[in-house]
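*Asks:* Okay, so here is protein03.csv, and as you'll see once you scroll down, it has CSV, N, CA and C atoms.
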chain,number,residue,atom,x,y,z
U,1,MET,N,-17.2,-3.9,25.6
U,1,MET,CA,-17.2,-2.7,24.7
U,1,MET,C,-15.7,-2.4,24.4
U,2,GLU,N,-14.8,-2.6,25.3
U,2,GLU,CA,-13.4,-2.3,25.0
U,2,GLU,C,-12.9,-3.1,23.8
U,3,LEU,N,-13.4,-4.4,23.7
U,3,LEU,CA,-13.0,-5.2,22.5
U,3,LEU,C,-13.4,-4.6,21.2
U,4,LEU,N,-14.6,-3.9,21.2
U,4,LEU,CA,-15.1,-3.3,20.0
U,4,LEU,C,-14.1,-2.2,19.5
U,5,PHE,N,-13.6,-1.4,20.5
U,5,PHE,CA,-12.7,-0.3,20.2
U,5,PHE,C,-11.3,-0.9,19.7
U,6,GLU,N,-10.9,-2.0,20.2
U,6,GLU,CA,-9.7,-2.7,19.8
U,6,GLU,C,-9.8,-3.2,18.4
U,7,ILE,N,-11.0,-3.9,18.1
U,7,ILE,CA,-11.2,-4.4,16.8
U,7,ILE,C,-11.3,-3.2,15.8
U,8,SER,N,-11.8,-2.1,16.2
U,8,SER,CA,-11.9,-0.9,15.3
U,8,SER,C,-10.5,-0.5,14.9
U,9,GLY,N,-9.6,-0.4,15.8
U,9,GLY,CA,-8.2,0.0,15.6
U,9,GLY,C,-7.5,-1.0,14.6
U,10,TRP,N,-7.6,-2.3,14.8
U,10,TRP,CA,-7.0,-3.3,14.0
U,10,TRP,C,-7.6,-3.3,12.6
U,11,ALA,N,-8.9,-3.1,12.5
U,11,ALA,CA,-9.6,-3.0,11.2
U,11,ALA,C,-9.1,-1.8,10.4
U,12,GLY,N,-8.9,-0.7,11.1
U,12,GLY,CA,-8.4,0.5,10.5
U,12,GLY,C,-7.0,0.3,9.9
U,13,ALA,N,-6.2,-0.4,10.7
U,13,ALA,CA,-4.8,-0.7,10.3
U,13,ALA,C,-4.8,-1.6,9.0
U,14,VAL,N,-5.7,-2.6,9.0
U,14,VAL,CA,-5.8,-3.5,7.9
U,14,VAL,C,-6.2,-2.8,6.6
U,15,ALA,N,-7.2,-1.9,6.8
U,15,ALA,CA,-7.8,-1.1,5.7
U,15,ALA,C,-6.7,-0.3,5.0
U,16,ILE,N,-6.0,0.5,5.8
U,16,ILE,CA,-5.1,1.5,5.3
U,16,ILE,C,-3.8,0.8,4.8
U,17,LEU,N,-3.3,-0.2,5.5
U,17,LEU,CA,-2.1,-0.9,5.0
U,17,LEU,C,-2.4,-1.7,3.7
U,18,SER,N,-3.6,-2.3,3.7
U,18,SER,CA,-4.0,-3.1,2.5
U,18,SER,C,-4.1,-2.2,1.2
U,19,ALA,N,-4.7,-1.0,1.4
U,19,ALA,CA,-4.8,-0.1,0.3
U,19,ALA,C,-3.4,0.4,-0.1
U,20,TYR,N,-2.6,0.7,0.8
U,20,TYR,CA,-1.2,1.2,0.5
U,20,TYR,C,-0.4,0.1,-0.2
U,21,LEU,N,-0.5,-1.2,0.3
U,21,LEU,CA,0.2,-2.3,-0.4
U,21,LEU,C,-0.3,-2.5,-1.8
U,22,ALA,N,-1.7,-2.5,-2.0
U,22,ALA,CA,-2.2,-2.7,-3.3
U,22,ALA,C,-1.8,-1.6,-4.3
U,23,VAL,N,-1.8,-0.4,-3.9
U,23,VAL,CA,-1.3,0.7,-4.8
U,23,VAL,C,0.2,0.6,-5.0
U,24,SER,N,0.9,0.3,-4.0
U,24,SER,CA,2.4,0.2,-4.1
U,24,SER,C,2.8,-0.9,-5.0
U,25,MET,N,2.1,-2.0,-5.0
U,25,MET,CA,2.4,-3.2,-5.9
U,25,MET,C,1.8,-3.1,-7.3
U,26,GLY,N,1.0,-2.0,-7.5
U,26,GLY,CA,0.4,-1.9,-8.8
U,26,GLY,C,-0.9,-2.7,-9.0
U,27,TRP,N,-1.4,-3.3,-8.0
U,27,TRP,CA,-2.6,-4.1,-8.1
U,27,TRP,C,-3.9,-3.2,-8.1
U,28,LEU,N,-3.7,-2.0,-7.7
U,28,LEU,CA,-4.9,-1.1,-7.6
U,28,LEU,C,-4.4,0.3,-7.9
U,29,LYS,N,-5.2,1.1,-8.6
U,29,LYS,CA,-4.9,2.5,-8.9
U,29,LYS,C,-5.3,3.3,-7.8
U,30,ALA,N,-4.7,4.5,-7.6
U,30,ALA,CA,-5.1,5.3,-6.5
U,30,ALA,C,-6.4,6.1,-6.8
U,31,GLY,N,-7.5,5.3,-6.9
U,31,GLY,CA,-8.8,5.9,-7.2
U,31,GLY,C,-9.8,5.8,-6.1
U,32,LYS,N,-11.0,5.5,-6.4
U,32,LYS,CA,-12.1,5.5,-5.4
U,32,LYS,C,-11.9,4.4,-4.4
U,33,GLY,N,-11.5,3.2,-4.8
U,33,GLY,CA,-11.3,2.1,-3.9
U,33,GLY,C,-10.2,2.5,-2.8
U,34,PHE,N,-9.1,3.0,-3.3
U,34,PHE,CA,-8.0,3.4,-2.4
U,34,PHE,C,-8.5,4.5,-1.5
U,35,GLN,N,-9.1,5.5,-2.0
U,35,GLN,CA,-9.6,6.6,-1.1
U,35,GLN,C,-10.7,6.2,-0.1
U,36,THR,N,-11.5,5.3,-0.5
U,36,THR,CA,-12.6,4.8,0.4
U,36,THR,C,-12.0,3.9,1.5
U,37,SER,N,-11.0,3.1,1.1
U,37,SER,CA,-10.3,2.3,2.2
U,37,SER,C,-9.6,3.2,3.2
U,38,ASN,N,-8.9,4.3,2.7
U,38,ASN,CA,-8.3,5.2,3.6
U,38,ASN,C,-9.3,6.0,4.4
U,39,LEU,N,-10.4,6.3,3.9
U,39,LEU,CA,-11.4,7.0,4.7
U,39,LEU,C,-12.0,6.2,5.8
U,40,LEU,N,-12.3,4.9,5.4
U,40,LEU,CA,-12.8,4.0,6.5
U,40,LEU,C,-11.8,3.6,7.5
U,41,GLY,N,-10.5,3.4,7.1
U,41,GLY,CA,-9.4,3.2,8.0
U,41,GLY,C,-9.2,4.3,8.9
U,42,ALA,N,-9.3,5.5,8.4
U,42,ALA,CA,-9.1,6.7,9.3
U,42,ALA,C,-10.2,6.8,10.3
U,43,CYS,N,-11.4,6.5,9.9
U,43,CYS,CA,-12.6,6.5,10.8
U,43,CYS,C,-12.3,5.5,12.0
U,44,ALA,N,-11.9,4.4,11.6
U,44,ALA,CA,-11.6,3.3,12.6
U,44,ALA,C,-10.5,3.8,13.6
U,45,PHE,N,-9.5,4.4,13.0
U,45,PHE,CA,-8.4,4.9,13.9
U,45,PHE,C,-8.8,6.0,14.8
U,46,ILE,N,-9.7,6.8,14.3
U,46,ILE,CA,-10.2,7.9,15.1
U,46,ILE,C,-11.0,7.4,16.3
U,47,ILE,N,-11.8,6.4,16.1
U,47,ILE,CA,-12.6,5.8,17.1
U,47,ILE,C,-11.6,5.1,18.2
U,48,ASN,N,-10.7,4.4,17.7
U,48,ASN,CA,-9.7,3.7,18.6
U,48,ASN,C,-8.9,4.7,19.3
U,49,GLY,N,-8.4,5.7,18.6
U,49,GLY,CA,-7.5,6.7,19.3
U,49,GLY,C,-8.3,7.5,20.3
U,50,ALA,N,-9.5,7.9,20.0
U,50,ALA,CA,-10.3,8.6,21.0
U,50,ALA,C,-10.5,7.8,22.3
U,51,PHE,N,-10.8,6.5,22.1
U,51,PHE,CA,-11.0,5.6,23.2
U,51,PHE,C,-9.8,5.6,24.1
U,52,HIS,N,-8.6,5.5,23.5
U,52,HIS,CA,-7.3,5.4,24.2
U,52,HIS,C,-6.8,6.8,24.5
U,53,GLU,N,-7.5,7.9,24.2
U,53,GLU,CA,-7.1,9.3,24.4
U,53,GLU,C,-5.7,9.5,23.8
U,54,ALA,N,-5.5,9.0,22.6
U,54,ALA,CA,-4.3,9.2,21.9
U,54,ALA,C,-4.5,10.4,20.9
U,55,TRP,N,-4.5,11.6,21.4
U,55,TRP,CA,-5.0,12.7,20.6
U,55,TRP,C,-4.1,13.1,19.4
U,56,PRO,N,-2.8,12.9,19.5
U,56,PRO,CA,-2.0,13.1,18.2
U,56,PRO,C,-2.5,12.2,17.1
U,57,SER,N,-2.8,11.0,17.4
U,57,SER,CA,-3.2,10.0,16.4
U,57,SER,C,-4.6,10.4,15.9
U,58,VAL,N,-5.5,10.9,16.8
U,58,VAL,CA,-6.8,11.3,16.4
U,58,VAL,C,-6.7,12.4,15.5
U,59,VAL,N,-5.9,13.5,15.8
U,59,VAL,CA,-5.8,14.6,14.9
U,59,VAL,C,-5.2,14.2,13.5
U,60,THR,N,-4.2,13.4,13.5
U,60,THR,CA,-3.6,12.9,12.3
U,60,THR,C,-4.7,12.2,11.4
U,61,ASN,N,-5.5,11.3,12.1
U,61,ASN,CA,-6.4,10.6,11.3
U,61,ASN,C,-7.6,11.4,10.9
U,62,ILE,N,-7.9,12.5,11.6
U,62,ILE,CA,-9.0,13.4,11.1
U,62,ILE,C,-8.5,14.1,9.8
U,63,ALA,N,-7.2,14.5,9.8
U,63,ALA,CA,-6.6,15.0,8.6
U,63,ALA,C,-6.7,14.0,7.4
U,64,TRP,N,-6.3,12.7,7.8
U,64,TRP,CA,-6.3,11.6,6.8
U,64,TRP,C,-7.7,11.5,6.2
U,65,PHE,N,-8.7,11.5,7.1
U,65,PHE,CA,-10.1,11.3,6.7
U,65,PHE,C,-10.5,12.5,5.8
U,66,LEU,N,-10.2,13.7,6.2
U,66,LEU,CA,-10.5,14.9,5.4
U,66,LEU,C,-9.9,14.8,4.0
U,67,ILE,N,-8.6,14.4,3.9
U,67,ILE,CA,-8.0,14.3,2.6
U,67,ILE,C,-8.7,13.3,1.7
U,68,SER,N,-9.0,12.2,2.3
U,68,SER,CA,-9.7,11.1,1.5
U,68,SER,C,-11.1,11.6,1.1
U,69,ALA,N,-11.8,12.3,2.0
U,69,ALA,CA,-13.2,12.7,1.7
U,69,ALA,C,-13.2,13.7,0.6
U,70,VAL,N,-12.2,14.7,0.6
U,70,VAL,CA,-12.1,15.7,-0.4
U,70,VAL,C,-11.8,15.0,-1.8
U,71,ALA,N,-10.9,14.0,-1.7
U,71,ALA,CA,-10.5,13.3,-3.0
U,71,ALA,C,-11.8,12.6,-3.5
U,72,LEU,N,-12.5,11.9,-2.7
U,72,LEU,CA,-13.7,11.2,-3.1
U,72,LEU,C,-14.8,12.2,-3.7
U,73,LEU,N,-14.9,13.3,-3.0
U,73,LEU,CA,-15.9,14.3,-3.5
U,73,LEU,C,-15.5,14.8,-4.9
U,74,ARG,N,-14.2,15.1,-5.1
U,74,ARG,CA,-13.7,15.5,-6.4
U,74,ARG,C,-14.0,14.4,-7.5
U,75,MET,N,-13.7,13.2,-7.1
U,75,MET,CA,-13.9,12.1,-8.1
U,75,MET,C,-15.4,12.0,-8.4
U,76,ARG,N,-16.3,12.2,-7.4
U,76,ARG,CA,-17.7,12.0,-7.6
U,76,ARG,C,-18.2,13.2,-8.5
U,77,SER,N,-17.7,14.4,-8.4
U,77,SER,CA,-18.1,15.5,-9.2
U,77,SER,C,-17.5,15.5,-10.6
U,78,GLY,N,-16.6,14.5,-10.8
U,78,GLY,CA,-16.1,14.4,-12.2
U,78,GLY,C,-14.8,15.1,-12.3
U,79,GLN,N,-14.3,15.8,-11.3
U,79,GLN,CA,-13.1,16.5,-11.4
U,79,GLN,C,-11.9,15.5,-11.1
U,80,GLU,N,-10.9,15.6,-11.9
U,80,GLU,CA,-9.8,14.8,-11.6
U,80,GLU,C,-8.8,15.6,-10.8
U,81,SER,N,-8.0,14.9,-10.0
U,81,SER,CA,-6.9,15.6,-9.3
U,81,SER,C,-5.9,16.2,-10.3
U,82,PRO,N,-5.2,17.3,-10.0
U,82,PRO,CA,-4.2,17.8,-10.9
U,82,PRO,C,-3.2,16.8,-11.3
U,83,ALA,N,-2.8,15.9,-10.4
U,83,ALA,CA,-1.8,14.9,-10.7
U,83,ALA,C,-2.3,14.0,-11.7
U,84,ALA,N,-3.6,13.5,-11.6
U,84,ALA,CA,-4.1,12.6,-12.6
U,84,ALA,C,-4.4,13.2,-13.9
U,85,ALA,N,-4.7,14.5,-13.9
U,85,ALA,CA,-5.0,15.2,-15.2
U,85,ALA,C,-3.7,15.4,-16.0
U,86,ALA,N,-2.6,15.6,-15.3
U,86,ALA,CA,-1.3,15.8,-16.0
U,86,ALA,C,-0.5,14.5,-16.0
U,87,GLU,N,-1.1,13.4,-15.9
U,87,GLU,CA,-0.4,12.1,-15.8
U,87,GLU,C,0.4,11.8,-17.0
U,88,ALA,N,1.7,11.7,-16.9
U,88,ALA,CA,2.6,11.4,-18.0
U,88,ALA,C,2.7,9.9,-18.2
U,89,PRO,N,3.1,9.4,-19.3
U,89,PRO,CA,3.4,8.0,-19.4
U,89,PRO,C,4.5,7.6,-18.5
U,90,GLN,N,4.4,6.3,-18.1
U,90,GLN,CA,5.5,5.8,-17.2
U,90,GLN,C,6.8,5.7,-17.9
U,91,VAL,N,7.8,6.1,-17.2
U,91,VAL,CA,9.2,6.0,-17.7
U,91,VAL,C,10.0,5.1,-16.7
U,92,GLN,N,10.6,4.1,-17.3
U,92,GLN,CA,11.4,3.2,-16.5
U,92,GLN,C,12.9,3.5,-16.8
U,93,PHE,N,13.6,3.9,-15.7
U,93,PHE,CA,15.0,4.2,-15.8
U,93,PHE,C,15.8,3.0,-15.6
U,94,PRO,N,16.9,2.8,-16.4
U,94,PRO,CA,17.7,1.6,-16.2
U,94,PRO,C,18.3,1.5,-14.8
U,95,GLY,N,18.2,0.3,-14.2
U,95,GLY,CA,18.7,0.1,-12.9
U,95,GLY,C,17.8,0.5,-11.7
U,96,VAL,N,16.7,1.1,-12.0
U,96,VAL,CA,15.7,1.5,-11.0
U,96,VAL,C,14.5,0.6,-11.0
U,97,PRO,N,14.2,-0.1,-9.9
U,97,PRO,CA,13.1,-1.0,-9.9
U,97,PRO,C,11.8,-0.3,-10.0
U,98,ASP,N,10.8,-0.9,-10.7
U,98,ASP,CA,9.5,-0.3,-10.7
U,98,ASP,C,8.7,-0.8,-9.5
U,99,THR,N,7.4,-0.4,-9.4
U,99,THR,CA,6.7,-0.8,-8.2
U,99,THR,C,6.0,-2.1,-8.3
U,100,THR,N,6.3,-2.9,-9.3
U,100,THR,CA,5.7,-4.3,-9.4
U,100,THR,C,6.5,-5.3,-8.7
U,101,GLY,N,7.6,-5.0,-8.2
U,101,GLY,CA,8.5,-5.9,-7.5
U,101,GLY,C,9.5,-6.6,-8.4
U,102,GLN,N,9.5,-6.2,-9.7
U,102,GLN,CA,10.5,-6.7,-10.6
U,102,GLN,C,11.8,-5.8,-10.6
U,103,LEU,N,12.9,-6.4,-10.7
U,103,LEU,CA,14.1,-5.7,-10.6
U,103,LEU,C,14.7,-5.6,-12.0
U,104,ALA,N,15.3,-4.5,-12.4
U,104,ALA,CA,15.9,-4.4,-13.7
U,104,ALA,C,17.3,-4.9,-13.6
U,105,LEU,N,17.8,-5.7,-14.6
U,105,LEU,CA,19.1,-6.2,-14.6
U,105,LEU,C,20.0,-5.3,-15.4
U,106,VAL,N,21.1,-4.8,-14.8
U,106,VAL,CA,22.0,-3.9,-15.4
U,106,VAL,C,23.4,-4.6,-15.4
U,107,GLU,N,24.0,-4.5,-16.6
U,107,GLU,CA,25.3,-5.1,-16.7
U,107,GLU,C,26.4,-4.2,-16.1
U,108,ALA,N,27.4,-4.7,-15.5
U,108,ALA,CA,28.5,-3.9,-15.0
U,108,ALA,C,29.3,-3.4,-16.1
U,109,PRO,N,29.8,-2.2,-16.1
U,109,PRO,CA,30.6,-1.7,-17.2
U,109,PRO,C,31.9,-2.5,-17.3
U,110,ARG,N,32.2,-2.7,-18.6
U,110,ARG,CA,33.4,-3.6,-18.8
U,110,ARG,C,34.6,-2.7,-19.0
U,111,ALA,N,35.7,-3.1,-18.5
U,111,ALA,CA,36.9,-2.4,-18.6
U,111,ALA,C,37.4,-2.3,-20.0
U,112,ALA,N,38.0,-1.2,-20.4
U,112,ALA,CA,38.5,-1.1,-21.8
U,112,ALA,C,39.8,-1.9,-21.9
U,113,SER,N,39.9,-2.6,-23.0
U,113,SER,CA,41.1,-3.4,-23.1
U,113,SER,C,42.0,-2.7,-24.1
U,114,PHE,N,43.2,-2.6,-23.7
U,114,PHE,CA,44.3,-2.0,-24.5
U,114,PHE,C,45.3,-3.0,-24.9
U,115,THR,N,45.1,-3.7,-26.0
U,115,THR,CA,46.1,-4.7,-26.4
U,115,THR,C,46.8,-4.3,-27.6
How does this structure look as structure tokens?
*Replies:*
Amino acid sequence: MELLFEISGWAGAVAILSAYLAVSMGWLKAGKGFQTSNLLGACAFIINGAFHEAWPSVVTNIAWFLISAVALLRMRSGQESPAAAAEAPQVQFPGVPDTTGQLALVEAPRAASFT
């Protein structure tokens, strides 16, 4: 039975980290898939944390679960989050990398020549 609780903890870690990686790399938008993965990962962490009596982790993951659940309920009812409703077009600033892993190349300023 202890093995089941350990598997639950590792599965939760994989779910949450995979979702975070996918959104951070631009492979996935922060939509239903992201929120569902966070919700399931939080459930798995709650189970594992309760088994190990790690109450700060349990409380944190209950909050994580509730945030994901509310987001999913809003998506289901057709309401968009305020951030998604006011989403502006992407702006790429020179010299600042975007989230796809590509780096912007910026030339070094050239010294003025006084000849």
*Asks:* Within 9 Å of Ala13 (chain U), counting only C-alpha atoms, which residues show up once you throw out same-chain ones fewer than 4 positions away? Write them as a list in words, please.
*Replies:*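 Within the cut-off, the hits are Ser8, Gly9, Leu17, Ser18, Gly41, Ala42, Ala44 and Phe45 of chain U.
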*Asks:* With only C-alpha atoms as the atoms that count, which of U:Ala19, U:Ala11, U:Val59, U:Glu6 lies nearest to Thr36 (chain U)?
*Replies:*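 For Thr36 (chain U), the nearest of the candidates is U:Ala19.
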*Asks:* Check the smallest atom-to-atom distance from each of U:Ile62, U:Leu21, U:Leu28, U:Val14 to Ala50 (chain U) using only C-alpha atoms, then report the winner.
*Replies:*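 Ranked by minimum distance to Ala50 (chain U), first place goes to U:Ile62.
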*Asks:* What's around Cys43 (chain U) at 8 Å? Count only C-alpha atoms, leave out sequence neighbours fewer than 3 positions away in its own chain, and write the answer as a PyMOL selection string.
*Replies:* chain U and resi 12+39-40+46-47+61-62+65
*Asks:* What does the distance between CA of Phe34 (chain U) and CA of Ile16 (chain U) come to in Å, to one decimal place?
*Replies:*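 Taking CA of Phe34 (chain U) as the start and CA of Ile16 (chain U) as the end point, the length is 8.4 Å.
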*Asks:* Rounded to one decimal in Å, what is the spacing between CA of Gln35 (chain U) and CA of Leu72 (chain U)?
*Replies:*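 So the answer is 6.5 Å.
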*Asks:* Distance atom N of Asn38 (chain U)-atom N of Val58 (chain U), one decimal place?
*Replies:*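 Atom N of Val58 (chain U) lies at a distance of 15.9 Å from atom N of Asn38 (chain U).
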